[in-house]
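Asker: Following this line is data.tsv, made up of TSV, C-alpha atoms:
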chain	number	residue	atom	x	y	z
X	265	MET	CA	-19.84	-4.19	-14.80
X	266	ALA	CA	-19.67	-7.97	-15.15
X	267	ILE	CA	-18.23	-10.06	-12.36
X	268	SER	CA	-14.51	-10.59	-12.90
X	269	LYS	CA	-13.11	-14.03	-13.63
X	270	VAL	CA	-9.79	-13.22	-11.95
X	271	ASN	CA	-10.97	-11.32	-8.88
X	272	GLN	CA	-7.56	-11.03	-7.21
X	273	GLY	CA	-6.48	-8.80	-4.38
X	274	VAL	CA	-3.15	-7.59	-3.03
X	275	PHE	CA	-2.43	-5.87	0.26
X	276	ILE	CA	0.22	-3.11	0.22
X	277	THR	CA	1.85	-2.59	3.59
X	278	GLY	CA	4.86	-0.59	4.73
X	279	THR	CA	7.84	-1.07	6.97
X	280	ASP	CA	6.95	2.24	8.60
X	281	THR	CA	4.80	5.34	8.22
X	282	GLY	CA	5.62	7.64	5.33
X	283	VAL	CA	7.63	5.17	3.24
X	284	GLY	CA	5.52	5.59	0.09
X	285	LYS	CA	2.69	3.04	0.28
X	286	THR	CA	0.19	5.29	-1.48
X	287	LEU	CA	2.66	6.16	-4.22
X	288	VAL	CA	3.46	2.50	-4.92
X	289	THR	CA	-0.19	1.45	-4.71
X	290	ALA	CA	-1.20	4.17	-7.16
X	291	ALA	CA	1.62	3.44	-9.62
X	292	LEU	CA	0.92	-0.30	-9.54
X	293	ALA	CA	-2.81	0.24	-10.00
X	294	LEU	CA	-2.24	2.59	-12.93
X	295	ALA	CA	0.29	0.27	-14.59
X	296	LEU	CA	-2.24	-2.58	-14.61
X	297	LYS	CA	-5.13	-0.33	-15.58
X	298	LYS	CA	-3.16	0.77	-18.64
X	299	ARG	CA	-2.94	-2.92	-19.58
X	300	GLY	CA	-6.70	-3.00	-19.92
X	301	LEU	CA	-7.55	-4.47	-16.52
X	302	ASP	CA	-10.33	-3.27	-14.25
X	303	ILE	CA	-8.70	-2.07	-11.03
X	304	GLY	CA	-10.29	-1.36	-7.66
X	305	VAL	CA	-8.65	0.36	-4.69
X	306	MET	CA	-9.16	0.55	-0.94
X	307	LYS	CA	-7.56	2.47	1.88
X	308	PRO	CA	-9.71	1.01	4.66
X	309	ILE	CA	-8.26	3.14	7.47
X	310	GLU	CA	-6.88	6.66	7.18
X	311	THR	CA	-6.14	9.23	9.86
X	312	GLY	CA	-5.22	12.90	9.68
X	313	VAL	CA	-7.80	13.73	7.02
X	314	ALA	CA	-9.19	17.25	7.47
X	315	GLN	CA	-12.60	17.86	5.93
X	316	SER	CA	-11.20	20.86	4.04
X	317	ARG	CA	-8.49	18.71	2.42
X	318	MET	CA	-10.49	15.58	1.61
X	319	ALA	CA	-9.31	15.62	-2.02
X	320	GLN	CA	-5.71	15.28	-0.81
X	321	SER	CA	-6.41	12.18	1.26
X	322	ASP	CA	-4.74	8.93	0.26
X	323	ALA	CA	-8.11	7.33	-0.45
X	324	ALA	CA	-9.21	10.20	-2.71
X	325	ARG	CA	-5.93	10.14	-4.59
X	326	LEU	CA	-6.14	6.41	-5.22
X	327	ARG	CA	-9.75	6.80	-6.33
X	328	ALA	CA	-8.78	9.52	-8.79
X	329	ILE	CA	-5.81	7.59	-10.21
X	330	VAL	CA	-7.94	4.63	-11.29
X	331	GLN	CA	-10.94	6.85	-12.09
X	332	SER	CA	-13.12	4.83	-9.76
X	333	GLU	CA	-16.83	5.48	-9.44
X	334	ASP	CA	-16.93	3.82	-6.02
X	335	ALA	CA	-18.02	6.02	-3.13
X	336	LEU	CA	-15.17	7.39	-1.06
X	337	GLY	CA	-16.88	5.94	2.01
X	338	ALA	CA	-16.51	2.45	0.51
X	339	ILE	CA	-12.88	2.96	-0.48
X	340	CYS	CA	-12.16	4.25	3.02
X	341	PRO	CA	-14.82	3.10	5.51
X	342	PHE	CA	-12.81	4.32	8.53
X	343	GLN	CA	-11.56	7.86	8.01
X	344	PHE	CA	-10.53	10.12	10.89
X	345	GLU	CA	-9.58	13.77	11.13
X	346	LEU	CA	-7.02	13.69	13.93
X	347	PRO	CA	-3.46	12.69	12.92
X	348	LEU	CA	-3.15	9.94	15.53
X	349	ALA	CA	-2.50	6.21	15.40
X	350	PRO	CA	-5.66	4.32	14.30
X	351	MET	CA	-6.67	2.81	17.63
X	352	ALA	CA	-5.94	6.03	19.51
X	353	VAL	CA	-8.01	8.18	17.17
X	354	ALA	CA	-10.86	5.65	17.11
X	355	GLN	CA	-10.98	5.65	20.91
X	356	THR	CA	-10.84	9.46	20.96
X	357	GLU	CA	-13.81	9.63	18.59
X	358	ARG	CA	-15.59	6.74	20.38
X	359	ARG	CA	-15.62	4.60	17.26
X	360	VAL	CA	-14.56	1.00	16.69
X	361	ILE	CA	-12.58	-0.10	13.63
X	362	SER	CA	-14.15	-3.39	12.59
X	363	LEU	CA	-12.20	-5.96	10.58
X	364	GLU	CA	-15.45	-7.61	9.59
X	365	VAL	CA	-16.83	-4.38	8.15
X	366	ILE	CA	-13.63	-3.92	6.12
X	367	ARG	CA	-13.80	-7.53	4.91
X	368	GLN	CA	-17.41	-7.17	3.81
X	369	VAL	CA	-16.73	-3.90	1.98
X	370	TYR	CA	-13.67	-5.44	0.34
X	371	ARG	CA	-15.71	-8.40	-0.90
X	372	LEU	CA	-18.38	-6.13	-2.36
X	373	LEU	CA	-15.76	-4.07	-4.17
X	374	SER	CA	-13.50	-6.89	-5.29
X	375	ILE	CA	-16.12	-8.82	-7.24
X	376	ARG	CA	-16.32	-5.89	-9.65
X	377	TYR	CA	-12.63	-5.87	-10.57
X	378	ASP	CA	-9.83	-7.97	-11.98
X	379	TYR	CA	-7.53	-6.77	-9.17
X	380	THR	CA	-8.25	-4.84	-6.00
X	381	PHE	CA	-5.37	-3.17	-4.16
X	382	VAL	CA	-5.75	-2.56	-0.45
X	383	GLU	CA	-3.36	-0.06	1.14
X	384	GLY	CA	-2.67	-0.49	4.82
X	385	VAL	CA	-2.01	2.08	7.51
X	386	GLY	CA	1.54	2.33	8.89
X	387	GLY	CA	3.34	-0.97	9.45
X	388	VAL	CA	2.09	-4.49	10.10
X	389	HIS	CA	2.02	-4.18	13.89
X	390	VAL	CA	0.09	-0.89	14.02
X	391	GLN	CA	-2.81	-1.42	16.41
X	392	ILE	CA	-6.24	-0.77	14.92
X	393	ALA	CA	-8.29	-2.16	17.80
X	394	PRO	CA	-7.54	-3.79	21.16
X	395	LYS	CA	-5.54	-6.99	20.48
X	396	THR	CA	-5.86	-6.38	16.73
X	397	ASP	CA	-3.26	-5.00	14.34
X	398	VAL	CA	-2.76	-4.54	10.59
X	399	MET	CA	-1.42	-8.09	10.32
X	400	ASP	CA	-4.75	-9.41	11.58
X	401	LEU	CA	-6.49	-7.42	8.84
X	402	ILE	CA	-4.26	-8.96	6.16
X	403	VAL	CA	-5.02	-12.43	7.54
X	404	ARG	CA	-8.75	-11.68	7.56
X	405	LEU	CA	-8.66	-10.55	3.93
X	406	LYS	CA	-6.49	-13.56	2.94
X	407	LEU	CA	-4.35	-11.49	0.59
X	408	PRO	CA	-0.76	-11.72	-0.64
X	409	VAL	CA	1.39	-8.77	0.38
X	410	VAL	CA	3.58	-6.17	-1.28
X	411	VAL	CA	5.92	-4.55	1.26
X	412	VAL	CA	7.09	-0.97	0.70
X	413	GLY	CA	10.33	-0.15	2.48
X	414	ARG	CA	12.78	2.67	2.91
X	415	ALA	CA	15.96	2.70	0.80
X	416	GLY	CA	18.22	4.30	3.36
X	417	LEU	CA	19.52	4.18	6.89
X	418	GLY	CA	17.38	1.79	8.97
X	419	GLY	CA	15.77	0.30	5.89
X	420	ILE	CA	17.39	-3.11	6.20
X	421	ASN	CA	16.29	-3.69	9.77
X	422	HIS	CA	12.73	-2.49	9.21
X	423	ALA	CA	12.34	-4.53	6.03
X	424	MET	CA	13.67	-7.74	7.56
X	425	LEU	CA	11.50	-7.40	10.66
X	426	THR	CA	8.41	-6.87	8.50
X	427	ILE	CA	9.20	-9.80	6.22
X	428	GLU	CA	9.85	-12.10	9.19
X	429	ALA	CA	6.59	-11.03	10.85
X	430	LEU	CA	4.61	-11.78	7.68
X	431	ARG	CA	6.28	-15.17	7.34
X	432	ARG	CA	5.40	-16.09	10.92
X	433	ARG	CA	1.75	-15.67	9.95
X	434	LYS	CA	2.35	-17.67	6.75
X	435	LEU	CA	1.42	-14.73	4.53
X	436	ARG	CA	2.66	-14.75	0.94
X	437	ILE	CA	4.98	-11.88	0.02
X	438	VAL	CA	4.86	-10.80	-3.63
X	439	ALA	CA	7.80	-8.39	-3.43
X	440	LEU	CA	9.63	-5.79	-1.39
X	441	VAL	CA	9.61	-2.39	-3.12
X	442	LEU	CA	12.23	0.07	-1.94
X	443	ASN	CA	11.43	3.77	-2.11
X	444	CYS	CA	13.41	6.93	-1.38
X	445	PRO	CA	11.03	9.11	0.66
X	446	HIS	CA	13.81	11.64	1.29
X	447	SER	CA	16.25	13.44	-0.98
X	448	THR	CA	19.25	11.45	-2.21
X	449	LYS	CA	21.20	14.44	-3.50
X	450	SER	CA	24.11	13.88	-1.14
X	451	LYS	CA	26.74	11.23	-1.84
X	452	ILE	CA	26.13	9.51	1.50
X	453	ALA	CA	22.36	9.36	0.91
X	454	ARG	CA	22.90	7.73	-2.50
X	455	LEU	CA	25.34	5.27	-0.94
X	456	GLN	CA	22.84	4.41	1.80
X	457	ALA	CA	20.11	3.76	-0.77
X	458	ARG	CA	22.35	1.60	-2.94
X	459	THR	CA	23.79	-0.50	-0.12
X	460	THR	CA	20.35	-1.00	1.44
X	461	ALA	CA	19.06	-2.42	-1.84
X	462	GLU	CA	22.14	-4.59	-2.37
X	463	THR	CA	21.98	-6.07	1.13
X	464	LEU	CA	18.25	-6.79	0.99
X	465	ARG	CA	18.57	-8.50	-2.38
X	466	LYS	CA	20.93	-10.94	-0.68
X	467	GLN	CA	19.03	-11.37	2.59
X	468	ALA	CA	15.31	-10.80	2.09
X	469	GLY	CA	14.45	-14.01	0.27
X	470	VAL	CA	11.80	-12.22	-1.80
X	471	PRO	CA	12.02	-10.16	-5.01
X	472	VAL	CA	13.46	-6.74	-4.16
X	473	LEU	CA	12.54	-3.92	-6.56
X	474	GLY	CA	13.83	-0.35	-6.79
X	475	PRO	CA	14.87	1.87	-5.22
X	476	LEU	CA	12.26	4.22	-6.66
X	477	PRO	CA	13.66	7.75	-7.00
X	478	PHE	CA	12.88	10.54	-4.54
X	479	GLN	CA	9.89	12.63	-5.66
X	480	SER	CA	10.38	16.25	-4.64
X	481	ALA	CA	7.01	17.63	-5.80
X	482	LEU	CA	4.82	14.70	-4.82
X	483	SER	CA	2.18	16.65	-2.89
X	484	ARG	CA	1.65	19.13	-5.76
X	485	GLN	CA	2.07	16.77	-8.70
X	486	PHE	CA	0.76	13.44	-7.48
X	487	ARG	CA	-0.84	12.27	-10.73
X	488	GLN	CA	2.11	13.31	-12.89
X	489	THR	CA	4.49	11.54	-10.52
X	490	VAL	CA	2.40	8.36	-10.52
X	491	VAL	CA	2.20	8.36	-14.32
X	492	ARG	CA	6.00	8.55	-14.52
X	493	LEU	CA	6.52	5.82	-11.92
X	494	ALA	CA	4.03	3.50	-13.61
X	495	ARG	CA	6.39	3.45	-16.59
X	496	THR	CA	9.51	2.54	-14.60
X	497	ALA	CA	11.12	-0.89	-14.81
X	498	ALA	CA	10.53	-1.50	-11.10
X	499	VAL	CA	6.76	-0.91	-11.25
X	500	LYS	CA	6.42	-2.85	-14.50
X	501	GLN	CA	8.21	-5.78	-12.84
X	502	LEU	CA	5.95	-5.45	-9.80
X	503	ALA	CA	2.90	-5.60	-12.07
X	504	LYS	CA	4.25	-8.81	-13.61
X	505	LEU	CA	4.85	-10.34	-10.18
X	506	VAL	CA	1.31	-9.44	-9.09
X	507	LYS	CA	-0.13	-11.11	-12.17
X	508	LEU	CA	2.02	-14.19	-11.59
X	509	SER	CA	0.87	-14.36	-7.96
X	510	ALA	CA	-2.70	-14.70	-9.19
X	511	ARG	CA	-2.00	-17.96	-11.03
Take the structure in this file and express it as structure tokens.

Answerer:
Amino acid sequence: MAISKVNQGVFITGTDTGVGKTLVTAALALALKKRGLDIGVMKPIETGVAQSRMAQSDAARLRAIVQSEDALGAICPFQFELPLAPMAVAQTERRVISLEVIRQVYRLLSIRYDYTFVEGVGGVHVQIAPKTDVMDLIVRLKLPVVVVGRAGLGGINHAMLTIEALRRRKLRIVALVLNCPHSTKSKIARLQARTTAETLRKQAGVPVLGPLPFQSALSRQFRQTVVRLARTAAVKQLAKLVKLSAR
């Protein structure tokens, strides 16, 4: 593959664990791939990955979505079996998560693609080594950020804290994408999702997209769900914002 002329990267972080980072990363990557762009993916750190369920890991799912030929070990150089926080599991396994290793792998991957999407682990202040957190990784990679947040109770506070933390480090925020990781069948849940989005559109100071709808069969139908989401107005708008951020 020829070296890309654009060679842009975006870091996808979350306001918390389990807010839908992988889903948004996959849908965004697929939306741009369907526009004829070469897309690379990384999930540099992942915990809770059993050897028997490697195909269900976030890294493997992202790799499959974009039909990447990159080795899984390059897409996810630091993969751990125990479902612990990154620094805790690394210490348990007597390993060290190196920002420099991730940066070097990212550079090798990114030169092959128009866009490379890097999915973080947890939120921006998750420790990945002593005195080092996810924010330090974003700074090291020098990437703009897409924040994935929860459209529901607690979502406003978590989103604002994340946005403010990124701004303190002078990191560029492409957009805040709101997701519904839990069912919104009840009237109060729908109201929580709607009012969270309305409030953040007024307060966040960045483009606020979504909320994306709750996906009940995500674990069993990941690809089908991503294909549907890639066609939504929110993801299409996110793709446009990512392309604009590259100019």

Asker: Might you pull out every residue within 8 Å of region 425-427 of chain X, with all atoms listed in the file counted and same-chain residues fewer than 2 positions away left off, and present them as a list in words?

Answerer: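 What passes the distance filter is Thr279, Gly387, Val388, Val411, Asn421, His422, Ala423, Ala429, Leu430, Arg431, Ile437 and Ala468 of chain X.
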
Asker: Find the residue from X:Met318, X:Leu401, X:Ile303, X:Val288 that sits nearest to Ile375 (chain X); use only C-alpha atoms when measuring.

Answerer: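 Of X:Met318, X:Leu401, X:Ile303, X:Val288, the one nearest Ile375 (chain X) is X:Ile303, counting only C-alpha atoms.
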
Asker: Work out how far CA of Val470 (chain X) is from CA of Cys444 (chain X), in Å to one decimal.

Answerer: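 Going from CA of Cys444 (chain X) over to CA of Val470 (chain X) covers 19.2 Å.
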
Asker: Please measure the separation of CA of Ala498 (chain X) and CA of Leu473 (chain X), giving the value in Å to one decimal.

Answerer: 5.5 Å

Asker: For the atom pair CA of Leu442 (chain X) and CA of Leu373 (chain X), what is the interatomic distance in Å to one decimal place?

Answerer: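 Those two atoms sit 28.4 Å apart.
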
Asker: Set the distance at 12 Å and use all atoms listed in the file: which residues neighbour Val438 (chain X) once local chain neighbours fewer than 3 positions away are removed? I'd like the list as a VMD selection string.

Answerer: chain X and resid 273 to 277 407 to 412 427 430 to 431 435 441 468 to 473 501 to 510

Asker: Smallest atom-to-atom distance to Gln320 (chain X): which of X:Arg492, X:Leu440, X:Lys297, X:Thr286, using only C-alpha atoms?

Answerer: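 Closest to Gln320 (chain X), using only C-alpha atoms: X:Thr286.
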
Asker: List the spatial neighbours of Phe344 (chain X) as a list of chain:residue names - criterion: any atom at most 8 Å away, all atoms listed in the file, same-chain residues fewer than 2 positions off excluded.

Answerer: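 So the residues in contact are X:Glu310, X:Thr311, X:Gly312, X:Val313, X:Phe342, X:Leu346, X:Pro347, X:Val353, X:Ala354.
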
Asker: How big is the axis-aligned box around the listed atoms of region 390-404 of chain X once 4 Å is added on each side, and where is its centre? Give both in Å to one decimal, as AutoDock Vina command-line options.

Answerer:
--center_x -4.3 --center_y -6.6 --center_z 13.7 --size_x 16.8 --size_y 19.7 --size_z 23.0

Asker: Excluding Arg325 (chain X) and any residue of its chain fewer than 3 positions from it, enumerate the residues within 10 Å of it, using only C-alpha atoms, and give them as a list in words.

Answerer: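 Once the adjacent positions are removed, what remains is Thr286, Leu287, Ala290, Met318, Ala319, Gln320, Ser321, Asp322, Ala328, Ile329, Val330, Gln331, Phe486 and Arg487 of chain X.
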
Asker: Convert the current residue selection to file output with C-alpha atoms, as a compact mmCIF listing (two decimals), in the frame of the given file.

Answerer:
# COMPACT_ATOMS: atom_id res chain seq x y z
CA THR X 286 0.19 5.29 -1.48
CA LEU X 287 2.66 6.16 -4.22
CA ALA X 290 -1.20 4.17 -7.16
CA MET X 318 -10.49 15.58 1.61
CA ALA X 319 -9.31 15.62 -2.02
CA GLN X 320 -5.71 15.28 -0.81
CA SER X 321 -6.41 12.18 1.26
CA ASP X 322 -4.74 8.93 0.26
CA ALA X 328 -8.78 9.52 -8.79
CA ILE X 329 -5.81 7.59 -10.21
CA VAL X 330 -7.94 4.63 -11.29
CA GLN X 331 -10.94 6.85 -12.09
CA PHE X 486 0.76 13.44 -7.48
CA ARG X 487 -0.84 12.27 -10.73

Asker: Kindly indicate which residue among X:Ile392, X:Leu405, X:Ala352, X:Ala335 lies nearest to Ile309 (chain X), using only C-alpha atoms for the distances.

Answerer: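 Using only C-alpha atoms, the shortest distance to Ile309 (chain X) belongs to X:Ile392.
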
Asker: Give as a list of chain:residue names each residue that has an atom at most 12 Å from (-1.1, 3.9, -22.6) in the file, counting only C-alpha atoms.

Answerer: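 Collected hits near the coordinates: X:Leu294, X:Ala295, X:Leu296, X:Lys297, X:Lys298, X:Arg299, X:Gly300, X:Val491, X:Arg492, X:Ala494, X:Arg495.
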
Asker: Grab the residues selected above and save them as a short mmCIF file (atom, residue, chain, number, x, y, z; two decimals), keeping the file's coordinate frame with C-alpha atoms.

Answerer:
data_model
loop_
_atom_site.label_atom_id
_atom_site.label_comp_id
_atom_site.auth_asym_id
_atom_site.auth_seq_id
_atom_site.Cartn_x
_atom_site.Cartn_y
_atom_site.Cartn_z
CA LEU X 294 -2.24 2.59 -12.93
CA ALA X 295 0.29 0.27 -14.59
CA LEU X 296 -2.24 -2.58 -14.61
CA LYS X 297 -5.13 -0.33 -15.58
CA LYS X 298 -3.16 0.77 -18.64
CA ARG X 299 -2.94 -2.92 -19.58
CA GLY X 300 -6.70 -3.00 -19.92
CA VAL X 491 2.20 8.36 -14.32
CA ARG X 492 6.00 8.55 -14.52
CA ALA X 494 4.03 3.50 -13.61
CA ARG X 495 6.39 3.45 -16.59
#

Asker: Rank nothing, just name the residue among X:Asp378, X:Glu345, X:Gly284, X:Thr289 nearest to Asp302 (chain X), using all atoms listed in the file.

Answerer: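 When distances to Asp302 (chain X) are compared using all atoms listed in the file, the smallest one comes from X:Asp378.
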
Asker: Could you check the closest approach to Lys500 (chain X) for each of X:Glu333, X:Ala293, X:Ala415, X:Lys434 and tell me which residue wins, using only C-alpha atoms?

Answerer: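 Closest candidate: X:Ala293.
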
Asker: When you count only C-alpha atoms, which of these residues is closest to Tyr370 (chain X): X:Leu348, X:Ile420, X:Leu493, X:Met306?

Answerer: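 Among X:Leu348, X:Ile420, X:Leu493, X:Met306, it is X:Met306 that comes nearest to Tyr370 (chain X).
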
Asker: Take the point (-12.5, -5.9, -6.7) as written in the file and pick out every residue within 12 Å of it, counting only C-alpha atoms; give the list as an MDAnalysis selection string.

Answerer: chainID X and resid 265:274 293 301:306 332 334 338:339 367:382

Asker: My structure is short of atoms at region 415-436 of chain X; please model N, CA, C and O atoms there, returning them as a CSV table (one decimal), keeping the file's coordinate frame.

Answerer:
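For reference, selection.csv as written:
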chain,number,residue,atom,x,y,z
X,415,ALA,N,14.6,2.9,1.3
X,415,ALA,CA,16.0,2.7,0.8
X,415,ALA,C,16.9,3.7,1.5
X,415,ALA,O,17.1,4.8,0.9
X,416,GLY,N,17.4,3.4,2.6
X,416,GLY,CA,18.2,4.3,3.4
X,416,GLY,C,18.5,3.8,4.7
X,416,GLY,O,18.2,2.6,5.0
X,417,LEU,N,19.1,4.6,5.6
X,417,LEU,CA,19.5,4.2,6.9
X,417,LEU,C,18.3,3.6,7.7
X,417,LEU,O,17.3,4.3,7.8
X,418,GLY,N,18.5,2.4,8.2
X,418,GLY,CA,17.4,1.8,9.0
X,418,GLY,C,16.5,0.9,8.1
X,418,GLY,O,15.7,0.1,8.6
X,419,GLY,N,16.6,1.0,6.8
X,419,GLY,CA,15.8,0.3,5.9
X,419,GLY,C,15.9,-1.2,5.9
X,419,GLY,O,15.0,-1.9,5.8
X,420,ILE,N,17.1,-1.7,6.2
X,420,ILE,CA,17.4,-3.1,6.2
X,420,ILE,C,16.7,-3.7,7.4
X,420,ILE,O,16.0,-4.7,7.3
X,421,ASN,N,16.9,-3.2,8.6
X,421,ASN,CA,16.3,-3.7,9.8
X,421,ASN,C,14.8,-3.7,9.7
X,421,ASN,O,14.1,-4.7,10.0
X,422,HIS,N,14.2,-2.6,9.3
X,422,HIS,CA,12.7,-2.5,9.2
X,422,HIS,C,12.2,-3.5,8.2
X,422,HIS,O,11.1,-4.1,8.4
X,423,ALA,N,12.8,-3.6,7.1
X,423,ALA,CA,12.3,-4.5,6.0
X,423,ALA,C,12.4,-6.0,6.5
X,423,ALA,O,11.4,-6.7,6.3
X,424,MET,N,13.5,-6.4,7.1
X,424,MET,CA,13.7,-7.7,7.6
X,424,MET,C,12.7,-8.1,8.7
X,424,MET,O,12.1,-9.2,8.7
X,425,LEU,N,12.5,-7.2,9.6
X,425,LEU,CA,11.5,-7.4,10.7
X,425,LEU,C,10.1,-7.6,10.1
X,425,LEU,O,9.3,-8.4,10.6
X,426,THR,N,9.7,-6.8,9.1
X,426,THR,CA,8.4,-6.9,8.5
X,426,THR,C,8.3,-8.2,7.8
X,426,THR,O,7.2,-8.9,7.9
X,427,ILE,N,9.2,-8.6,7.0
X,427,ILE,CA,9.2,-9.8,6.2
X,427,ILE,C,9.1,-11.0,7.2
X,427,ILE,O,8.3,-11.9,7.0
X,428,GLU,N,9.9,-11.0,8.2
X,428,GLU,CA,9.8,-12.1,9.2
X,428,GLU,C,8.5,-12.2,9.9
X,428,GLU,O,8.0,-13.3,10.1
X,429,ALA,N,7.9,-11.0,10.2
X,429,ALA,CA,6.6,-11.0,10.8
X,429,ALA,C,5.5,-11.6,9.9
X,429,ALA,O,4.7,-12.4,10.4
X,430,LEU,N,5.6,-11.3,8.7
X,430,LEU,CA,4.6,-11.8,7.7
X,430,LEU,C,4.8,-13.3,7.5
X,430,LEU,O,3.8,-14.0,7.4
X,431,ARG,N,6.0,-13.7,7.5
X,431,ARG,CA,6.3,-15.2,7.3
X,431,ARG,C,5.8,-16.0,8.5
X,431,ARG,O,5.3,-17.1,8.4
X,432,ARG,N,5.9,-15.4,9.7
X,432,ARG,CA,5.4,-16.1,10.9
X,432,ARG,C,3.9,-16.4,10.8
X,432,ARG,O,3.4,-17.4,11.4
X,433,ARG,N,3.2,-15.5,10.1
X,433,ARG,CA,1.8,-15.7,10.0
X,433,ARG,C,1.4,-16.4,8.6
X,433,ARG,O,0.3,-16.5,8.2
X,434,LYS,N,2.5,-16.9,8.0
X,434,LYS,CA,2.4,-17.7,6.8
X,434,LYS,C,1.7,-16.9,5.6
X,434,LYS,O,0.9,-17.4,4.9
X,435,LEU,N,2.0,-15.6,5.6
X,435,LEU,CA,1.4,-14.7,4.5
X,435,LEU,C,2.4,-14.7,3.3
X,435,LEU,O,3.6,-14.6,3.5
X,436,ARG,N,1.8,-14.7,2.2
X,436,ARG,CA,2.7,-14.8,0.9
X,436,ARG,C,3.1,-13.3,0.6
X,436,ARG,O,2.3,-12.4,0.5
